[in-house]
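Visitor: My structure is below; once you've seen it, I'll send some questions.
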Amino acid sequence: MAQIEKPENPRVALITGGVRGIGRAVALELAQRGWTVAVCYRTNADAAAEFEAKLHAIGANAMVLQADVSLPKGAELLVHQVEDACGRIDALVNCVGRYHRIHLMEETLETWHSEFDNNLHPAFYLSRAVVPGMIQRKWGRIVHFSMVNADQHVGQPYVTAHYIAKIGVAVLTRSLAKIVAPHGITANIISPGFIDTGNIPLEEVSRSIKGIPAGHMGTAEDAAGAVLYLLSDAACYVNGANIQVGGAWGI
């Protein structure tokens with residue numbers, strides 16, 4: 001895909017899982033605000049090409065890259081590619097994360113490990129790759145995604161591995177916040193509830209809405225709004241926070 005043009009001095013965001021859902025909404029919002037955006041995808045080349053065309057159509061300084069950030073070398077290579085093309089990474093917004101629903105006693109070793117490989121491990125691989133540059137520049141923003149009720153540590157028989165991985169993301173991010181805070185860097189968590197990204201079956205949407213105090217599902221733009229705040233200068237003293245975007249569900 002097209003090489004990015006080297007900008008004069010806009011901030012640069014790396015957004016993983018960025019061609020769909022929340023990542024896509026974040027990339028569009030940042031691009032419209034003058035950020036340079038680098039978006040990665042793993043397998044959906046058609047969706048990636050469509051989104052890259054959309055970004056360029058609105059005049060965005062953008063690049064879309066294929067990467068498997070569930071692998072340490074894949075995550076490191078992605079970071080190096082973006083730094084080489086853009087000069088730096090000011091913000092990491094890690095939206096990647098697969099999900100499956102299966103009873104704990106029916107979970108296979110392969111599917112169990114995949115939840116950690118696709119949700120927890122990329123947060124570690126990507127963070128350790130971007131932090132050195134942020135420390136050197138004395139500014140940076142890291143945003144990882146957990147899930148709205150992960151802090152409660154409740155039993156989750158049908159999403160056990162996913163839930164544990166998302167708890168791990170929160171602990172990792174808070175630990176990271178303590179390490180990077182002295183260097184002008186923040187690391188925070190966003191925990192979505194039911195967000196309508198167009199991939200949820202209609203019957204599940206109807207069933208879910210009944211339990212949401214707000215009375216409706218959230219949108220990808222709702223979650224993107226929380227990201228925009230955490231990336232802003234107004235949030236420079238917000239570090240290790242967990243912002244829940246769930247319409248009061250799961251609290």
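Every chain in the structure tokens has a letter given in the order shown (A, B, ...), and although residue numbers restart at 1 in each chain, ligands are simply numbered from 1 in the order shown.
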Would you mind listing what lies within 10 Å of Ser127 of chain A as an NGL selection string, with only C-alpha atoms counted and same-chain residues fewer than 3 positions away left out?

Guide: :A and (75-76 or 79 or 92-94 or 121-124 or 130-132 or 142-144 or 172-173 or 176 or 187)

Visitor: Can you list, as a ChimeraX atom specification, every residue of segment 85-189 of chain A that DSSP puts in alpha helix (DSSP H)?

Guide: /A:85-86,109-119,121-137,160-180

Visitor: Write out as a ChimeraX atom specification the residues lying within 9 Å of segment 97-105 of chain A, counting only C-alpha atoms and excluding same-chain residues fewer than 4 positions away.

Guide: /A:17,111,114-115,117-120,122,145,156-162

Visitor: Determine the nearest neighbour of Leu55 of chain A from the options A:Val19, A:Ile185, A:Leu71, A:Ile251, counting only C-alpha atoms.

Guide: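 Closest to Leu55 of chain A of all the choices is A:Val19.
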
Visitor: Show which residues sit within 7 Å of segment 32-48 of chain A, as a PDB file with all heavy atoms, in the first residue's frame. Count only C-alpha atoms, and ignore same-chain residues fewer than 2 positions away.

Guide:
```pdb
ATOM      1  N   PRO A  10       2.866  17.121  12.373  1.00  0.00           N
ATOM      2  CA  PRO A  10       1.668  16.682  13.085  1.00  0.00           C
ATOM      3  C   PRO A  10       1.986  15.504  13.990  1.00  0.00           C
ATOM      4  O   PRO A  10       2.989  14.817  13.779  1.00  0.00           O
ATOM      5  CB  PRO A  10       0.716  16.260  11.967  1.00  0.00           C
ATOM      6  CG  PRO A  10       1.606  15.851  10.866  1.00  0.00           C
ATOM      7  CD  PRO A  10       2.839  16.688  10.973  1.00  0.00           C
ATOM      8  N   ARG A  11       1.149  15.284  14.987  1.00  0.00           N
ATOM      9  CA  ARG A  11       1.344  14.108  15.830  1.00  0.00           C
ATOM     10  C   ARG A  11       0.975  12.842  15.063  1.00  0.00           C
ATOM     11  O   ARG A  11       0.137  12.866  14.164  1.00  0.00           O
ATOM     12  CB  ARG A  11       0.524  14.235  17.109  1.00  0.00           C
ATOM     13  CG  ARG A  11       1.184  15.203  18.105  1.00  0.00           C
ATOM     14  CD  ARG A  11       0.385  15.385  19.353  1.00  0.00           C
ATOM     15  NE  ARG A  11       1.141  16.184  20.315  1.00  0.00           N
ATOM     16  CZ  ARG A  11       0.616  16.834  21.333  1.00  0.00           C
ATOM     17  NH1 ARG A  11      -0.693  16.783  21.537  1.00  0.00           N
ATOM     18  NH2 ARG A  11       1.372  17.525  22.159  1.00  0.00           N
ATOM     19  N   VAL A  12       1.606  11.753  15.469  1.00  0.00           N
ATOM     20  CA  VAL A  12       1.462  10.478  14.757  1.00  0.00           C
ATOM     21  C   VAL A  12       0.839   9.447  15.692  1.00  0.00           C
ATOM     22  O   VAL A  12       1.318   9.237  16.810  1.00  0.00           O
ATOM     23  CB  VAL A  12       2.830   9.963  14.266  1.00  0.00           C
ATOM     24  CG1 VAL A  12       2.666   8.618  13.564  1.00  0.00           C
ATOM     25  CG2 VAL A  12       3.489  10.984  13.348  1.00  0.00           C
ATOM     26  N   ALA A  13      -0.214   8.800  15.225  1.00  0.00           N
ATOM     27  CA  ALA A  13      -0.869   7.748  16.005  1.00  0.00           C
ATOM     28  C   ALA A  13      -0.781   6.420  15.271  1.00  0.00           C
ATOM     29  O   ALA A  13      -1.049   6.348  14.067  1.00  0.00           O
ATOM     30  CB  ALA A  13      -2.330   8.098  16.253  1.00  0.00           C
ATOM     31  N   LEU A  14      -0.404   5.379  15.994  1.00  0.00           N
ATOM     32  CA  LEU A  14      -0.475   4.008  15.500  1.00  0.00           C
ATOM     33  C   LEU A  14      -1.709   3.373  16.102  1.00  0.00           C
ATOM     34  O   LEU A  14      -1.859   3.314  17.327  1.00  0.00           O
ATOM     35  CB  LEU A  14       0.771   3.221  15.906  1.00  0.00           C
ATOM     36  CG  LEU A  14       0.722   1.706  15.673  1.00  0.00           C
ATOM     37  CD1 LEU A  14       0.454   1.375  14.215  1.00  0.00           C
ATOM     38  CD2 LEU A  14       2.011   1.050  16.166  1.00  0.00           C
ATOM     39  N   ILE A  15      -2.603   2.904  15.242  1.00  0.00           N
ATOM     40  CA  ILE A  15      -3.873   2.328  15.682  1.00  0.00           C
ATOM     41  C   ILE A  15      -3.944   0.889  15.188  1.00  0.00           C
ATOM     42  O   ILE A  15      -4.011   0.638  13.982  1.00  0.00           O
ATOM     43  CB  ILE A  15      -5.065   3.134  15.136  1.00  0.00           C
ATOM     44  CG1 ILE A  15      -4.933   4.612  15.528  1.00  0.00           C
ATOM     45  CG2 ILE A  15      -6.388   2.564  15.641  1.00  0.00           C
ATOM     46  CD1 ILE A  15      -5.723   5.555  14.665  1.00  0.00           C
ATOM     47  N   THR A  16      -3.893  -0.057  16.104  1.00  0.00           N
ATOM     48  CA  THR A  16      -3.971  -1.454  15.709  1.00  0.00           C
ATOM     49  C   THR A  16      -5.430  -1.880  15.638  1.00  0.00           C
ATOM     50  O   THR A  16      -6.282  -1.365  16.360  1.00  0.00           O
ATOM     51  CB  THR A  16      -3.211  -2.360  16.688  1.00  0.00           C
ATOM     52  OG1 THR A  16      -3.841  -2.307  17.973  1.00  0.00           O
ATOM     53  CG2 THR A  16      -1.768  -1.924  16.810  1.00  0.00           C
ATOM     54  N   GLY A  17      -5.714  -2.845  14.760  1.00  0.00           N
ATOM     55  CA  GLY A  17      -7.100  -3.252  14.560  1.00  0.00           C
ATOM     56  C   GLY A  17      -7.929  -2.095  14.061  1.00  0.00           C
ATOM     57  O   GLY A  17      -9.091  -1.934  14.448  1.00  0.00           O
ATOM     58  N   GLY A  18      -7.338  -1.282  13.176  1.00  0.00           N
ATOM     59  CA  GLY A  18      -7.917   0.019  12.873  1.00  0.00           C
ATOM     60  C   GLY A  18      -8.755   0.137  11.625  1.00  0.00           C
ATOM     61  O   GLY A  18      -9.173   1.241  11.287  1.00  0.00           O
ATOM     62  N   VAL A  19      -9.036  -0.960  10.925  1.00  0.00           N
ATOM     63  CA  VAL A  19      -9.827  -0.821   9.707  1.00  0.00           C
ATOM     64  C   VAL A  19     -11.308  -1.083   9.956  1.00  0.00           C
ATOM     65  O   VAL A  19     -12.131  -0.890   9.066  1.00  0.00           O
ATOM     66  CB  VAL A  19      -9.315  -1.731   8.566  1.00  0.00           C
ATOM     67  CG1 VAL A  19      -7.860  -1.414   8.247  1.00  0.00           C
ATOM     68  CG2 VAL A  19      -9.498  -3.191   8.882  1.00  0.00           C
ATOM     69  N   ALA A  27      -9.323   6.335  14.048  1.00  0.00           N
ATOM     70  CA  ALA A  27      -8.472   6.795  12.943  1.00  0.00           C
ATOM     71  C   ALA A  27      -9.122   7.943  12.185  1.00  0.00           C
ATOM     72  O   ALA A  27      -8.458   8.934  11.850  1.00  0.00           O
ATOM     73  CB  ALA A  27      -8.175   5.631  12.000  1.00  0.00           C
ATOM     74  N   LEU A  28     -10.410   7.836  11.915  1.00  0.00           N
ATOM     75  CA  LEU A  28     -11.116   8.906  11.190  1.00  0.00           C
ATOM     76  C   LEU A  28     -11.137  10.191  12.005  1.00  0.00           C
ATOM     77  O   LEU A  28     -10.895  11.282  11.471  1.00  0.00           O
ATOM     78  CB  LEU A  28     -12.538   8.462  10.857  1.00  0.00           C
ATOM     79  CG  LEU A  28     -12.681   7.466   9.703  1.00  0.00           C
ATOM     80  CD1 LEU A  28     -14.120   6.953   9.619  1.00  0.00           C
ATOM     81  CD2 LEU A  28     -12.264   8.111   8.384  1.00  0.00           C
ATOM     82  N   GLU A  29     -11.443  10.078  13.288  1.00  0.00           N
ATOM     83  CA  GLU A  29     -11.510  11.278  14.144  1.00  0.00           C
ATOM     84  C   GLU A  29     -10.148  11.966  14.214  1.00  0.00           C
ATOM     85  O   GLU A  29     -10.055  13.199  14.122  1.00  0.00           O
ATOM     86  CB  GLU A  29     -11.985  10.902  15.544  1.00  0.00           C
ATOM     87  CG  GLU A  29     -13.424  10.424  15.626  1.00  0.00           C
ATOM     88  CD  GLU A  29     -14.431  11.562  15.513  1.00  0.00           C
ATOM     89  OE1 GLU A  29     -14.005  12.735  15.449  1.00  0.00           O
ATOM     90  OE2 GLU A  29     -15.636  11.278  15.483  1.00  0.00           O
ATOM     91  N   LEU A  30      -9.087  11.199  14.386  1.00  0.00           N
ATOM     92  CA  LEU A  30      -7.755  11.794  14.478  1.00  0.00           C
ATOM     93  C   LEU A  30      -7.324  12.396  13.145  1.00  0.00           C
ATOM     94  O   LEU A  30      -6.747  13.488  13.096  1.00  0.00           O
ATOM     95  CB  LEU A  30      -6.742  10.747  14.933  1.00  0.00           C
ATOM     96  CG  LEU A  30      -6.868  10.280  16.383  1.00  0.00           C
ATOM     97  CD1 LEU A  30      -5.852   9.179  16.678  1.00  0.00           C
ATOM     98  CD2 LEU A  30      -6.680  11.439  17.358  1.00  0.00           C
ATOM     99  N   GLU A  50     -10.176  -0.505   1.209  1.00  0.00           N
ATOM    100  CA  GLU A  50     -11.317   0.420   1.207  1.00  0.00           C
ATOM    101  C   GLU A  50     -11.111   1.554   2.195  1.00  0.00           C
ATOM    102  O   GLU A  50     -11.382   2.725   1.900  1.00  0.00           O
ATOM    103  CB  GLU A  50     -12.595  -0.360   1.550  1.00  0.00           C
ATOM    104  CG  GLU A  50     -13.858   0.480   1.660  1.00  0.00           C
ATOM    105  CD  GLU A  50     -14.062   1.092   3.054  1.00  0.00           C
ATOM    106  OE1 GLU A  50     -13.695   0.438   4.052  1.00  0.00           O
ATOM    107  OE2 GLU A  50     -14.573   2.226   3.129  1.00  0.00           O
ATOM    108  N   PHE A  51     -10.591   1.222   3.373  1.00  0.00           N
ATOM    109  CA  PHE A  51     -10.417   2.254   4.395  1.00  0.00           C
ATOM    110  C   PHE A  51      -9.273   3.194   4.039  1.00  0.00           C
ATOM    111  O   PHE A  51      -9.358   4.401   4.265  1.00  0.00           O
ATOM    112  CB  PHE A  51     -10.160   1.604   5.755  1.00  0.00           C
ATOM    113  CG  PHE A  51     -10.170   2.588   6.894  1.00  0.00           C
ATOM    114  CD1 PHE A  51     -11.144   3.569   6.995  1.00  0.00           C
ATOM    115  CD2 PHE A  51      -9.186   2.551   7.874  1.00  0.00           C
ATOM    116  CE1 PHE A  51     -11.163   4.474   8.037  1.00  0.00           C
ATOM    117  CE2 PHE A  51      -9.184   3.449   8.919  1.00  0.00           C
ATOM    118  CZ  PHE A  51     -10.180   4.419   9.001  1.00  0.00           C
ATOM    119  N   GLU A  52      -8.208   2.657   3.467  1.00  0.00           N
ATOM    120  CA  GLU A  52      -7.113   3.521   3.046  1.00  0.00           C
ATOM    121  C   GLU A  52      -7.600   4.521   1.995  1.00  0.00           C
ATOM    122  O   GLU A  52      -7.247   5.705   2.043  1.00  0.00           O
ATOM    123  CB  GLU A  52      -5.959   2.699   2.494  1.00  0.00           C
ATOM    124  CG  GLU A  52      -4.747   3.551   2.132  1.00  0.00           C
ATOM    125  CD  GLU A  52      -3.574   2.722   1.664  1.00  0.00           C
ATOM    126  OE1 GLU A  52      -3.786   1.853   0.801  1.00  0.00           O
ATOM    127  OE2 GLU A  52      -2.462   2.938   2.169  1.00  0.00           O
ATOM    128  N   ASN A  61      -3.335  12.282   6.056  1.00  0.00           N
ATOM    129  CA  ASN A  61      -1.972  11.770   5.950  1.00  0.00           C
ATOM    130  C   ASN A  61      -1.991  10.409   6.626  1.00  0.00           C
ATOM    131  O   ASN A  61      -2.009  10.319   7.860  1.00  0.00           O
ATOM    132  CB  ASN A  61      -1.017  12.729   6.643  1.00  0.00           C
ATOM    133  CG  ASN A  61       0.328  12.790   5.958  1.00  0.00           C
ATOM    134  OD1 ASN A  61       0.564  12.117   4.971  1.00  0.00           O
ATOM    135  ND2 ASN A  61       1.216  13.604   6.479  1.00  0.00           N
ATOM    136  N   ALA A  62      -2.040   9.334   5.844  1.00  0.00           N
ATOM    137  CA  ALA A  62      -2.338   8.030   6.433  1.00  0.00           C
ATOM    138  C   ALA A  62      -1.628   6.918   5.693  1.00  0.00           C
ATOM    139  O   ALA A  62      -1.310   7.027   4.510  1.00  0.00           O
ATOM    140  CB  ALA A  62      -3.849   7.786   6.402  1.00  0.00           C
ATOM    141  N   MET A  63      -1.418   5.832   6.434  1.00  0.00           N
ATOM    142  CA  MET A  63      -0.901   4.607   5.847  1.00  0.00           C
ATOM    143  C   MET A  63      -1.597   3.434   6.495  1.00  0.00           C
ATOM    144  O   MET A  63      -2.005   3.496   7.665  1.00  0.00           O
ATOM    145  CB  MET A  63       0.617   4.511   6.024  1.00  0.00           C
ATOM    146  CG  MET A  63       1.077   4.377   7.458  1.00  0.00           C
ATOM    147  SD  MET A  63       2.891   4.515   7.669  1.00  0.00           S
ATOM    148  CE  MET A  63       3.500   3.279   6.560  1.00  0.00           C
ATOM    149  N   VAL A  64      -1.762   2.358   5.731  1.00  0.00           N
ATOM    150  CA  VAL A  64      -2.401   1.146   6.232  1.00  0.00           C
ATOM    151  C   VAL A  64      -1.439  -0.006   5.990  1.00  0.00           C
ATOM    152  O   VAL A  64      -0.980  -0.213   4.867  1.00  0.00           O
ATOM    153  CB  VAL A  64      -3.749   0.887   5.525  1.00  0.00           C
ATOM    154  CG1 VAL A  64      -4.384  -0.383   6.064  1.00  0.00           C
ATOM    155  CG2 VAL A  64      -4.692   2.078   5.715  1.00  0.00           C
ATOM    156  N   LEU A  65      -1.136  -0.753   7.048  1.00  0.00           N
ATOM    157  CA  LEU A  65      -0.121  -1.797   6.980  1.00  0.00           C
ATOM    158  C   LEU A  65      -0.682  -3.125   7.461  1.00  0.00           C
ATOM    159  O   LEU A  65      -1.494  -3.166   8.398  1.00  0.00           O
ATOM    160  CB  LEU A  65       1.081  -1.430   7.856  1.00  0.00           C
ATOM    161  CG  LEU A  65       1.861  -0.175   7.466  1.00  0.00           C
ATOM    162  CD1 LEU A  65       2.798   0.217   8.602  1.00  0.00           C
ATOM    163  CD2 LEU A  65       2.647  -0.410   6.191  1.00  0.00           C
ATOM    164  N   GLN A  66      -0.225  -4.204   6.845  1.00  0.00           N
ATOM    165  CA  GLN A  66      -0.577  -5.537   7.311  1.00  0.00           C
ATOM    166  C   GLN A  66       0.412  -5.948   8.395  1.00  0.00           C
ATOM    167  O   GLN A  66       1.626  -5.767   8.250  1.00  0.00           O
ATOM    168  CB  GLN A  66      -0.537  -6.530   6.152  1.00  0.00           C
ATOM    169  CG  GLN A  66      -1.147  -7.896   6.471  1.00  0.00           C
ATOM    170  CD  GLN A  66      -0.208  -8.820   7.230  1.00  0.00           C
ATOM    171  OE1 GLN A  66       1.012  -8.725   7.094  1.00  0.00           O
ATOM    172  NE2 GLN A  66      -0.769  -9.696   8.044  1.00  0.00           N
ATOM    173  N   ALA A  67      -0.101  -6.486   9.500  1.00  0.00           N
ATOM    174  CA  ALA A  67       0.772  -6.913  10.597  1.00  0.00           C
ATOM    175  C   ALA A  67       0.031  -7.910  11.471  1.00  0.00           C
ATOM    176  O   ALA A  67      -1.182  -7.819  11.655  1.00  0.00           O
ATOM    177  CB  ALA A  67       1.221  -5.722  11.433  1.00  0.00           C
ATOM    178  N   ASP A  68       0.772  -8.845  12.018  1.00  0.00           N
ATOM    179  CA  ASP A  68       0.233  -9.771  13.011  1.00  0.00           C
ATOM    180  C   ASP A  68       0.878  -9.431  14.345  1.00  0.00           C
ATOM    181  O   ASP A  68       1.977  -9.905  14.668  1.00  0.00           O
ATOM    182  CB  ASP A  68       0.531 -11.214  12.618  1.00  0.00           C
ATOM    183  CG  ASP A  68      -0.121 -12.224  13.568  1.00  0.00           C
ATOM    184  OD1 ASP A  68      -0.678 -11.791  14.600  1.00  0.00           O
ATOM    185  OD2 ASP A  68      -0.069 -13.434  13.279  1.00  0.00           O
ATOM    186  N   VAL A  82       6.402   2.136  11.020  1.00  0.00           N
ATOM    187  CA  VAL A  82       5.746   3.428  11.219  1.00  0.00           C
ATOM    188  C   VAL A  82       6.758   4.500  11.616  1.00  0.00           C
ATOM    189  O   VAL A  82       6.729   5.621  11.113  1.00  0.00           O
ATOM    190  CB  VAL A  82       4.633   3.309  12.281  1.00  0.00           C
ATOM    191  CG1 VAL A  82       4.004   4.679  12.556  1.00  0.00           C
ATOM    192  CG2 VAL A  82       3.560   2.325  11.812  1.00  0.00           C
TER     193      VAL A  82
END
```

Visitor: At what distance in Å, to one decimal, does atom CA of Ile189 of chain A lie from atom CA of Cys86 of chain A?

Guide: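 So the two atoms, atom CA of Cys86 of chain A and atom CA of Ile189 of chain A, lie 25.3 Å apart.
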
Visitor: Between atom CA of Ser70 of chain A and atom CA of Glu106 of chain A, what is the spacing in Å?

Guide: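 One can read the atom CA of Glu106 of chain A to atom CA of Ser70 of chain A distance as 23.3 Å.
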
Visitor: Mind listing the strand (DSSP E) residues of segment 22-194 of chain A, per DSSP on the backbone, as number ranges by chain?

Guide: A: 36-41, 62-66, 91-94, 140-145, 185-192

Visitor: Looking at only C-alpha atoms, which of A:Asn188, A:Ile179, A:Gln152, A:Val96 is the one that sits closest to Leu231 of chain A?

Guide: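 Closest candidate: A:Asn188.
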
Visitor: Here is a test: counting only C-alpha atoms, which residue of A:Ala248, A:Ala129, A:Ile209, A:Ala220 is nearest to Asn149 of chain A?

Guide: A:Ala248

Visitor: Of the candidates A:Val154, A:Val69, A:Leu126, A:Ala85, which one gets nearest to Gly250 of chain A if we count only C-alpha atoms?

Guide: A:Val154

Visitor: Please report the interatomic distance between atom CA of Arg174 of chain A and atom CA of Asn242 of chain A in Å with one decimal.

Guide: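 Interatomic distance, atom CA of Arg174 of chain A to atom CA of Asn242 of chain A: 9.0 Å.
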